[in-house]
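Only one structure is covered here, and it is reproduced in the block below.
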Amino acid sequence: MTILRQIEVYLKQTGMPPTRFGRNAVRDPRLVHDLRNGREPGARMVARILRYIAGEPQ
């Protein structure tokens, strides 16, 4: 499953707005919008996103 798909599932499950997710996970409110438009996150960013989804402390 791609990182974008994992984020989309998380957003649907939690009802969280995409901008809040980006801000909370990586301090970038445009994250989800940019990923939907083809942005490719680096390995460190993916790790931060996955930690956030898993509920681990940042």
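If you're wondering about the labels, chains in the structure tokens are A, B, ... by order shown, residues count from 1 in each chain, ligands from 1 in order shown.
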
Neighbouring residues of range 6-19 of chain A were defined as those with any atom within 9 Å, considering only C-alpha atoms; residues of the same chain fewer than 2 positions away were excluded. Please report them as number ranges by chain. A: 1-4, 21-24, 28-33, 49-50, 53

Every residue of chain A that DSSP places in helix (DSSP H, G or I), as a PDB file with N, CA and C atoms, in the first residue's frame:
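Output saved as out.pdb:
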```
ATOM      1  N   ILE A   3       2.051   5.188   0.518  1.00  0.00           N
ATOM      2  CA  ILE A   3       1.907   6.085   1.653  1.00  0.00           C
ATOM      3  C   ILE A   3       0.653   6.934   1.496  1.00  0.00           C
ATOM      4  N   LEU A   4       0.358   7.383   0.277  1.00  0.00           N
ATOM      5  CA  LEU A   4      -0.847   8.179   0.065  1.00  0.00           C
ATOM      6  C   LEU A   4      -2.086   7.366   0.394  1.00  0.00           C
ATOM      7  N   ARG A   5      -2.113   6.111  -0.002  1.00  0.00           N
ATOM      8  CA  ARG A   5      -3.269   5.260   0.287  1.00  0.00           C
ATOM      9  C   ARG A   5      -3.420   5.064   1.798  1.00  0.00           C
ATOM     10  N   GLN A   6      -2.320   4.890   2.495  1.00  0.00           N
ATOM     11  CA  GLN A   6      -2.376   4.738   3.949  1.00  0.00           C
ATOM     12  C   GLN A   6      -2.918   6.009   4.601  1.00  0.00           C
ATOM     13  N   ILE A   7      -2.498   7.151   4.088  1.00  0.00           N
ATOM     14  CA  ILE A   7      -2.997   8.423   4.615  1.00  0.00           C
ATOM     15  C   ILE A   7      -4.497   8.551   4.344  1.00  0.00           C
ATOM     16  N   GLU A   8      -4.912   8.223   3.131  1.00  0.00           N
ATOM     17  CA  GLU A   8      -6.331   8.323   2.771  1.00  0.00           C
ATOM     18  C   GLU A   8      -7.182   7.438   3.679  1.00  0.00           C
ATOM     19  N   VAL A   9      -6.725   6.228   3.954  1.00  0.00           N
ATOM     20  CA  VAL A   9      -7.451   5.321   4.855  1.00  0.00           C
ATOM     21  C   VAL A   9      -7.533   5.940   6.243  1.00  0.00           C
ATOM     22  N   TYR A  10      -6.421   6.469   6.734  1.00  0.00           N
ATOM     23  CA  TYR A  10      -6.395   7.103   8.052  1.00  0.00           C
ATOM     24  C   TYR A  10      -7.368   8.280   8.112  1.00  0.00           C
ATOM     25  N   LEU A  11      -7.364   9.109   7.082  1.00  0.00           N
ATOM     26  CA  LEU A  11      -8.261  10.263   7.051  1.00  0.00           C
ATOM     27  C   LEU A  11      -9.718   9.818   7.085  1.00  0.00           C
ATOM     28  N   LYS A  12     -10.021   8.790   6.329  1.00  0.00           N
ATOM     29  CA  LYS A  12     -11.396   8.291   6.293  1.00  0.00           C
ATOM     30  C   LYS A  12     -11.805   7.716   7.651  1.00  0.00           C
ATOM     31  N   GLN A  13     -10.917   6.961   8.277  1.00  0.00           N
ATOM     32  CA  GLN A  13     -11.219   6.341   9.568  1.00  0.00           C
ATOM     33  C   GLN A  13     -11.388   7.371  10.681  1.00  0.00           C
ATOM     34  N   THR A  14     -10.597   8.425  10.634  1.00  0.00           N
ATOM     35  CA  THR A  14     -10.604   9.403  11.727  1.00  0.00           C
ATOM     36  C   THR A  14     -11.479  10.623  11.440  1.00  0.00           C
ATOM     37  N   PRO A  18      -7.469  16.813   5.689  1.00  0.00           N
ATOM     38  CA  PRO A  18      -6.110  16.614   5.156  1.00  0.00           C
ATOM     39  C   PRO A  18      -5.104  17.659   5.617  1.00  0.00           C
ATOM     40  N   THR A  19      -5.538  18.908   5.736  1.00  0.00           N
ATOM     41  CA  THR A  19      -4.591  19.948   6.155  1.00  0.00           C
ATOM     42  C   THR A  19      -4.134  19.733   7.591  1.00  0.00           C
ATOM     43  N   ARG A  20      -5.038  19.316   8.458  1.00  0.00           N
ATOM     44  CA  ARG A  20      -4.647  19.060   9.847  1.00  0.00           C
ATOM     45  C   ARG A  20      -3.692  17.870   9.924  1.00  0.00           C
ATOM     46  N   PHE A  21      -3.972  16.838   9.125  1.00  0.00           N
ATOM     47  CA  PHE A  21      -3.081  15.679   9.114  1.00  0.00           C
ATOM     48  C   PHE A  21      -1.665  16.109   8.753  1.00  0.00           C
ATOM     49  N   GLY A  22      -1.523  16.842   7.660  1.00  0.00           N
ATOM     50  CA  GLY A  22      -0.203  17.278   7.226  1.00  0.00           C
ATOM     51  C   GLY A  22       0.500  18.130   8.253  1.00  0.00           C
ATOM     52  N   ARG A  23      -0.257  19.042   8.856  1.00  0.00           N
ATOM     53  CA  ARG A  23       0.316  19.927   9.873  1.00  0.00           C
ATOM     54  C   ARG A  23       0.777  19.118  11.089  1.00  0.00           C
ATOM     55  N   ASN A  24      -0.062  18.196  11.540  1.00  0.00           N
ATOM     56  CA  ASN A  24       0.279  17.409  12.726  1.00  0.00           C
ATOM     57  C   ASN A  24       1.415  16.415  12.459  1.00  0.00           C
ATOM     58  N   ALA A  25       1.386  15.780  11.303  1.00  0.00           N
ATOM     59  CA  ALA A  25       2.356  14.718  11.012  1.00  0.00           C
ATOM     60  C   ALA A  25       3.731  15.252  10.651  1.00  0.00           C
ATOM     61  N   VAL A  26       3.780  16.264   9.783  1.00  0.00           N
ATOM     62  CA  VAL A  26       5.080  16.726   9.289  1.00  0.00           C
ATOM     63  C   VAL A  26       5.199  18.248   9.202  1.00  0.00           C
ATOM     64  N   LEU A  31       0.682  18.876   2.599  1.00  0.00           N
ATOM     65  CA  LEU A  31       1.228  17.551   2.342  1.00  0.00           C
ATOM     66  C   LEU A  31       0.285  16.675   1.522  1.00  0.00           C
ATOM     67  N   VAL A  32      -0.928  16.463   1.999  1.00  0.00           N
ATOM     68  CA  VAL A  32      -1.850  15.543   1.327  1.00  0.00           C
ATOM     69  C   VAL A  32      -2.187  16.065  -0.066  1.00  0.00           C
ATOM     70  N   HIS A  33      -2.445  17.356  -0.171  1.00  0.00           N
ATOM     71  CA  HIS A  33      -2.729  17.951  -1.489  1.00  0.00           C
ATOM     72  C   HIS A  33      -1.577  17.697  -2.453  1.00  0.00           C
ATOM     73  N   ASP A  34      -0.367  17.946  -1.983  1.00  0.00           N
ATOM     74  CA  ASP A  34       0.807  17.755  -2.841  1.00  0.00           C
ATOM     75  C   ASP A  34       1.006  16.280  -3.205  1.00  0.00           C
ATOM     76  N   LEU A  35       0.788  15.369  -2.252  1.00  0.00           N
ATOM     77  CA  LEU A  35       0.917  13.939  -2.558  1.00  0.00           C
ATOM     78  C   LEU A  35      -0.117  13.518  -3.601  1.00  0.00           C
ATOM     79  N   ARG A  36      -1.314  14.043  -3.484  1.00  0.00           N
ATOM     80  CA  ARG A  36      -2.369  13.736  -4.462  1.00  0.00           C
ATOM     81  C   ARG A  36      -1.998  14.242  -5.847  1.00  0.00           C
ATOM     82  N   ALA A  43      12.350   9.228   2.334  1.00  0.00           N
ATOM     83  CA  ALA A  43      12.269   8.145   3.320  1.00  0.00           C
ATOM     84  C   ALA A  43      12.036   8.672   4.729  1.00  0.00           C
ATOM     85  N   ARG A  44      12.683   9.774   5.092  1.00  0.00           N
ATOM     86  CA  ARG A  44      12.505  10.331   6.436  1.00  0.00           C
ATOM     87  C   ARG A  44      11.086  10.828   6.642  1.00  0.00           C
ATOM     88  N   MET A  45      10.517  11.464   5.615  1.00  0.00           N
ATOM     89  CA  MET A  45       9.152  11.952   5.727  1.00  0.00           C
ATOM     90  C   MET A  45       8.171  10.789   5.821  1.00  0.00           C
ATOM     91  N   VAL A  46       8.385   9.764   5.034  1.00  0.00           N
ATOM     92  CA  VAL A  46       7.519   8.580   5.098  1.00  0.00           C
ATOM     93  C   VAL A  46       7.559   7.985   6.503  1.00  0.00           C
ATOM     94  N   ALA A  47       8.742   7.910   7.084  1.00  0.00           N
ATOM     95  CA  ALA A  47       8.882   7.368   8.433  1.00  0.00           C
ATOM     96  C   ALA A  47       8.113   8.221   9.443  1.00  0.00           C
ATOM     97  N   ARG A  48       8.187   9.533   9.309  1.00  0.00           N
ATOM     98  CA  ARG A  48       7.446  10.431  10.214  1.00  0.00           C
ATOM     99  C   ARG A  48       5.950  10.238  10.068  1.00  0.00           C
ATOM    100  N   ILE A  49       5.486  10.107   8.830  1.00  0.00           N
ATOM    101  CA  ILE A  49       4.059   9.909   8.564  1.00  0.00           C
ATOM    102  C   ILE A  49       3.593   8.593   9.173  1.00  0.00           C
ATOM    103  N   LEU A  50       4.349   7.542   8.973  1.00  0.00           N
ATOM    104  CA  LEU A  50       3.966   6.233   9.501  1.00  0.00           C
ATOM    105  C   LEU A  50       3.954   6.226  11.028  1.00  0.00           C
ATOM    106  N   ARG A  51       4.904   6.921  11.648  1.00  0.00           N
ATOM    107  CA  ARG A  51       4.904   7.034  13.109  1.00  0.00           C
ATOM    108  C   ARG A  51       3.662   7.776  13.588  1.00  0.00           C
ATOM    109  N   TYR A  52       3.291   8.814  12.887  1.00  0.00           N
ATOM    110  CA  TYR A  52       2.102   9.568  13.260  1.00  0.00           C
ATOM    111  C   TYR A  52       0.854   8.699  13.150  1.00  0.00           C
ATOM    112  N   ILE A  53       0.721   7.977  12.041  1.00  0.00           N
ATOM    113  CA  ILE A  53      -0.439   7.102  11.846  1.00  0.00           C
ATOM    114  C   ILE A  53      -0.499   6.032  12.931  1.00  0.00           C
ATOM    115  N   ALA A  54       0.667   5.524  13.317  1.00  0.00           N
ATOM    116  CA  ALA A  54       0.728   4.471  14.339  1.00  0.00           C
ATOM    117  C   ALA A  54       0.481   5.034  15.746  1.00  0.00           C
TER     118      ALA A  54
END
```
